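**Q** Below is one structure. I have some questions about it.
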Amino acid sequence: MSARWIASVLLLVQLTGCALVHVKQGDPRDYDEGRRGDVLSTGHLSYASRNAISRLGLDPDRCVAEPSPCVAALREATILGNDARLSALAELALDGALKADRSADRDTAGPIADYLDAARYAYAYLFFGERTPRERAFEDRQTQMRDSYNYAAERVAALLFARGQRAGHVHPPSPGSVEAVDGWRLRYGEIQLTLPRGAPKLEAMVPASRLRIDGLESVYRRDGLGAEVVMVARPTQAARRAPTQPFAETGYLPATVLLQFPGDTLAQVLDTREAVVDALDPYRQDTMQLDGQTVPLAANFSAPYALWLAESGFNRKAIDNLLGRDNALDHPRVILMQPYDPHRLTVVMIHGLASSPEAWVNLANEVMGDEALRRRYQIWEVYYPTNAPIPVNLVQIRAALEQTFAALDPAGTAPASHHVTLIGHSMGGVIARLLVVDSGDVLWQRIFHAPPDSPRRKRLAALAPYLTIKPLPGVDEAIFLAAPHAGTPVAGHWLARMVTRLIRLPKTLLDATTRIADALAGELPEQAALFRAAPTGVNVLRDTGPYLRATSALPIVPGVRYHSIIARRSAEGPLEASSDGFVPYASAHLAGAASEKVIVSGHSVQETPQAILEIRRILREHASLPAGDAIVPRASDTSR
């Protein structure tokens with residue numbers, strides 16, 4: 001090979017240059033980052049934004065470092081389509097806002113203005129781009145822009161709230177009020193936040209996107225536009241110490257925050273320095289009309305419930321209440337899981353012995369998470385002192401529910417006051433059944449052999465509230481879970497007797513049992529002695545006790561459809577001889593039930609997926625809704 005030939009080849013290589021395009025196989029794990037990564041998910045500009053910037057002859061990395069010239073170039077660019085330039089503008093603005101947020105002095109408003117810029121560009125892309133959101137439904141870039149808008153709206157809301165708290169402003173702001181922030185004019189539009197009674201203002205605003213929820217089987221949220229937040233507004237200490245109503249609201253409100261930018265054209269939206277801030281109730285509104293389009297609103301329905309449970313400390317209070325320790329509950333409270341809605345049907349949940357609203361953690365969450373049920377129902381949970389005897393709790397719970405309905409619906413005409421569903425577990429199931437019976441004169445005769453006009457009846461008149469049981473108005477459906485309607489032998493076990501000795505009743509409840517003892521003293525001294533020893537929720541559940549033996553035979557009133565969900569610890573052996581370890585099947589079984597479902601489970605059957613699915617089925621049927629989820633029982637389940 002001659003030296004001249006080699007020199008010619010080298011010259012040819014130099015003239016043609018090296019290949020600039022290389023192709024290689026990527027790792028499948030890089031797929032998501034390459035296609036959908038952006039400043040929110042990876043901290044880097046998305047592929048689409050880098051491509052748009054490069055098409056203008058600009059360096060994407062330099063634009064990140066010095067965004068102002070690139071923003072000006074993108075705003076004036078004519079060779080790019082609106083979708084490409086608006087999404088690049090939104091992402092550049094969001095990148096700048098994130099950096100400003102991390103480094104901002106807490107007393108400055110800078111990040112708010114930066115986030116407003118990002119939200120405005122994303123809003124322009126979504127509603128003033130080249131195509132409608134429906135036409136871009138399958139594009140990754142639309143999801144990125146929705147997320148960019150939602151995050152910017154969340155940070156604007158959080159920063160405005162913090163700024164207002166530092167300035168001593170009262171939240172929520174009045175609709176129509178105006179606030180100036182760093183060259184922006186913000187007007188508050190719809191504010192659909194109903195503060196609980198006794199709560200003068202919002203205490204906190206918690207972004208739901210930042211929460212990591214443990215303890216719930218599922219987290220229910222709705223994809224859509226807007227920031228998912230939890231507004232916290234609790235009654236004052238004085239209102240909590242001396243409540244004027246027998247009911248309370250959790251004070252943890254779901255909300256969807258929207259930012260709207262006035263303008264009929266793209267140019268007007270890009271030039272505006274005004275924004276409308278809306279705080280919407282996702283229970284009341286699930287869509288919004290924006291630029292002539294119906295847009296779904298984002299929402300998180302589990303986050304407020306989880307926050308309330310996490311901060312309530314019910315697991316500790318349940319034992320304190322049972323043992324009657326200091327600050328123990330001394331009367332029932334009806335807790336509304338969401339602001340009262342007169343148009344939604346009411347579900348009342350009553351927990352069992354040594355328990356609390358935490359007993360319903362997954363059931364309540366699943367009902368609120370089921371969109372069809374959420375549209376038709378609202379949940380109330382009864383929280384009561386389980387150390388008190390059942391007759392006392394029955395009277396007080398009935399009074400609390402009646403007073404709650406009367407306070408919220410004085411005319412008694414709202415759908416919420418009618419077609420009520422009771423759900424009770426364990427001792428709560430016993431109480432729920434007694435709320436739908438009419439004892440007439442039966443208990444007087446069976447327990448005291450006291451005819452209506454007898455001298456004994458007159459001498460025992462103080463017992464009338466506990467022996468004359470009337471059904472709670474408005475109830476037409478009831479579900480009993482592992483309820484010992486005829487009592488349980490476990491309540492007489494030595495361990496139960498030891499626990500009973502530890503139980504102390506609060507003074508208000510002790511006064512009630514003392515009045516009963518005084519009424520009994522002249523006629524039945526042995527029964528009076530029992531009440532002077534403070535009978536408790538434990539020993540009244542004995543299967544040999546006169547109260548449950550007498551009340552278990554009372555029929556449920558006509559017009560109330562009822563269901564039993566019964567647990568058995570093992571699938572082996574005859575059903576009639578089975579037990580959940582606390583309640584025998586024979587005590588939980590009720591003749592005439594519209595349905596009976598037996599589940600292999602311990603006593604806390606209300607926590608099982610099978611029981612929750614069954615309750616959802618019953619509620620759907622009660623509200624005349626389609627069946628919904630296909631429910632296929634496991635081989636170990638029995639349905640009747």
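To be explicit about the labels: the chains of the structure tokens are called A, B, and onward in the order shown, and within each one the residues are counted from 1, while ligands get numbers from 1 in the order they are shown.
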Give me the residues near A:Pro69 as a ChimeraX atom specification, where near means some atom within 12 Å (using only C-alpha atoms) and where sequence neighbours in that chain fewer than 4 positions away do not count.
**A** /A:53,56,58-60,62-65,73-76,89,92
**Q** Give me the residues within 6 Å of stretch 467-482 of chain A as a ChimeraX atom specification, counting only C-alpha atoms and dropping any in the same chain fewer than 6 places off.
**A** /A:417-426,429,435-439,443,560-566,588
**Q** Which residue out of A:Val206, A:Thr287, A:Gly189, A:Leu363 has the minimum interatomic distance to A:Ala158 when only C-alpha atoms are used?
**A**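 Between A:Val206, A:Thr287, A:Gly189, A:Leu363, the residue approaching A:Ala158 most closely is A:Val206.
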**Q** So, counting only C-alpha atoms, which residue among A:Pro173, A:Pro339, A:Gly96, A:Gly224 is closest to A:Pro67?
**A**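 The shortest atom-to-atom distance to A:Pro67 comes from A:Gly96.
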**Q** Would you kindly return, as a count of residues only, each protein, DNA or RNA residue with an atom no farther than 8 Å from any atom of stretch 301-314 of chain A, considering only C-alpha atoms and excluding same-chain residues fewer than 4 positions away?
**A** 21
**Q** What are the DSSP strand (DSSP E) residues of stretch 259-446 of chain A, as a PyMOL selection string?
**A** chain A and resi 259-260+274-280+287-290+293-296+299-300+333-336+345-350+377-383+420-425
**Q** Which is closer to A:Val269 than all the others in A:Lys201, A:Arg120, A:His171, A:Arg141, using only C-alpha atoms?
**A**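 The answer is A:Arg120, which sits nearest to A:Val269.
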**Q** Name all residues at most 12 Å from A:Ala180 (count only C-alpha atoms; drop same-chain ones fewer than 5 positions away) and give them as a PyMOL selection string.
**A** chain A and resi 109+112-113+160+163-164+185-188+273-276
**Q** For a test of reading the model, state the distance in Å between atom CA of A:Met349 and atom CA of A:Asp286, rounded to one decimal.
**A**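 Between these atoms lies a distance of 26.2 Å.
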**Q** With a distance cut-off of 9 Å and only C-alpha atoms, select the neighbouring residues of A:Ala93, excluding the residue or stretch itself and same-chain residues fewer than 5 positions from it, and output the selection as a PDB file with C-alpha atoms, in the first residue's frame.
**A**
```
ATOM      1  CA  PRO A  67     -34.445  32.075  31.710  1.00  0.00           C
ATOM      2  CA  VAL A  71     -38.843  33.364  27.889  1.00  0.00           C
ATOM      3  CA  ALA A  88     -41.849  25.171  27.278  1.00  0.00           C
ATOM      4  CA  LEU A  98     -39.079  25.929  42.375  1.00  0.00           C
ATOM      5  CA  ASP A 114     -43.204  32.916  39.919  1.00  0.00           C
ATOM      6  CA  TYR A 115     -45.754  30.172  40.522  1.00  0.00           C
ATOM      7  CA  LEU A 116     -48.498  32.387  39.098  1.00  0.00           C
ATOM      8  CA  ASP A 117     -46.440  32.752  35.911  1.00  0.00           C
ATOM      9  CA  ALA A 118     -46.042  28.977  35.694  1.00  0.00           C
ATOM     10  CA  ALA A 119     -49.748  28.377  36.327  1.00  0.00           C
ATOM     11  CA  TYR A 121     -48.595  29.412  30.969  1.00  0.00           C
TER      12      TYR A 121
END
```
**Q** Might you pull out every residue within 6 Å of stretch 124-138 of chain A, with only C-alpha atoms counted and same-chain residues fewer than 4 positions away left off, and present them as JSON, numbers by chain?
**A** {"A": [82, 83, 86, 266]}
**Q** Write the residues of the selection above to a file with all heavy atoms, as an mmCIF file, in the first residue's frame.
**A**
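Writing the result to selection21.cif gives the following:
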```cif
data_model
loop_
_atom_site.group_PDB
_atom_site.id
_atom_site.type_symbol
_atom_site.label_atom_id
_atom_site.label_comp_id
_atom_site.auth_asym_id
_atom_site.auth_seq_id
_atom_site.Cartn_x
_atom_site.Cartn_y
_atom_site.Cartn_z
ATOM 1 N N ASN A 82 -48.235 26.829 19.082
ATOM 2 C CA ASN A 82 -48.564 27.330 20.423
ATOM 3 C C ASN A 82 -48.378 26.265 21.505
ATOM 4 O O ASN A 82 -47.918 26.567 22.607
ATOM 5 C CB ASN A 82 -49.998 27.852 20.455
ATOM 6 C CG ASN A 82 -50.121 29.222 19.822
ATOM 7 O OD1 ASN A 82 -49.133 29.960 19.724
ATOM 8 N ND2 ASN A 82 -51.318 29.574 19.379
ATOM 9 N N ASP A 83 -48.728 25.017 21.200
ATOM 10 C CA ASP A 83 -48.585 23.968 22.212
ATOM 11 C C ASP A 83 -47.132 23.824 22.637
ATOM 12 O O ASP A 83 -46.832 23.720 23.840
ATOM 13 C CB ASP A 83 -49.103 22.631 21.675
ATOM 14 C CG ASP A 83 -50.617 22.559 21.648
ATOM 15 O OD1 ASP A 83 -51.272 23.531 22.095
ATOM 16 O OD2 ASP A 83 -51.155 21.532 21.181
ATOM 17 N N LEU A 86 -45.924 27.165 24.569
ATOM 18 C CA LEU A 86 -46.591 27.380 25.855
ATOM 19 C C LEU A 86 -46.127 26.362 26.899
ATOM 20 O O LEU A 86 -45.919 26.701 28.067
ATOM 21 C CB LEU A 86 -48.111 27.319 25.690
ATOM 22 C CG LEU A 86 -48.748 28.464 24.899
ATOM 23 C CD1 LEU A 86 -50.228 28.185 24.662
ATOM 24 C CD2 LEU A 86 -48.561 29.791 25.627
ATOM 25 N N LEU A 266 -55.691 34.085 23.645
ATOM 26 C CA LEU A 266 -54.390 33.682 24.158
ATOM 27 C C LEU A 266 -53.555 34.897 24.526
ATOM 28 O O LEU A 266 -52.902 34.921 25.585
ATOM 29 C CB LEU A 266 -53.668 32.827 23.117
ATOM 30 C CG LEU A 266 -52.230 32.429 23.454
ATOM 31 C CD1 LEU A 266 -52.176 31.630 24.755
ATOM 32 C CD2 LEU A 266 -51.612 31.633 22.304
#
```
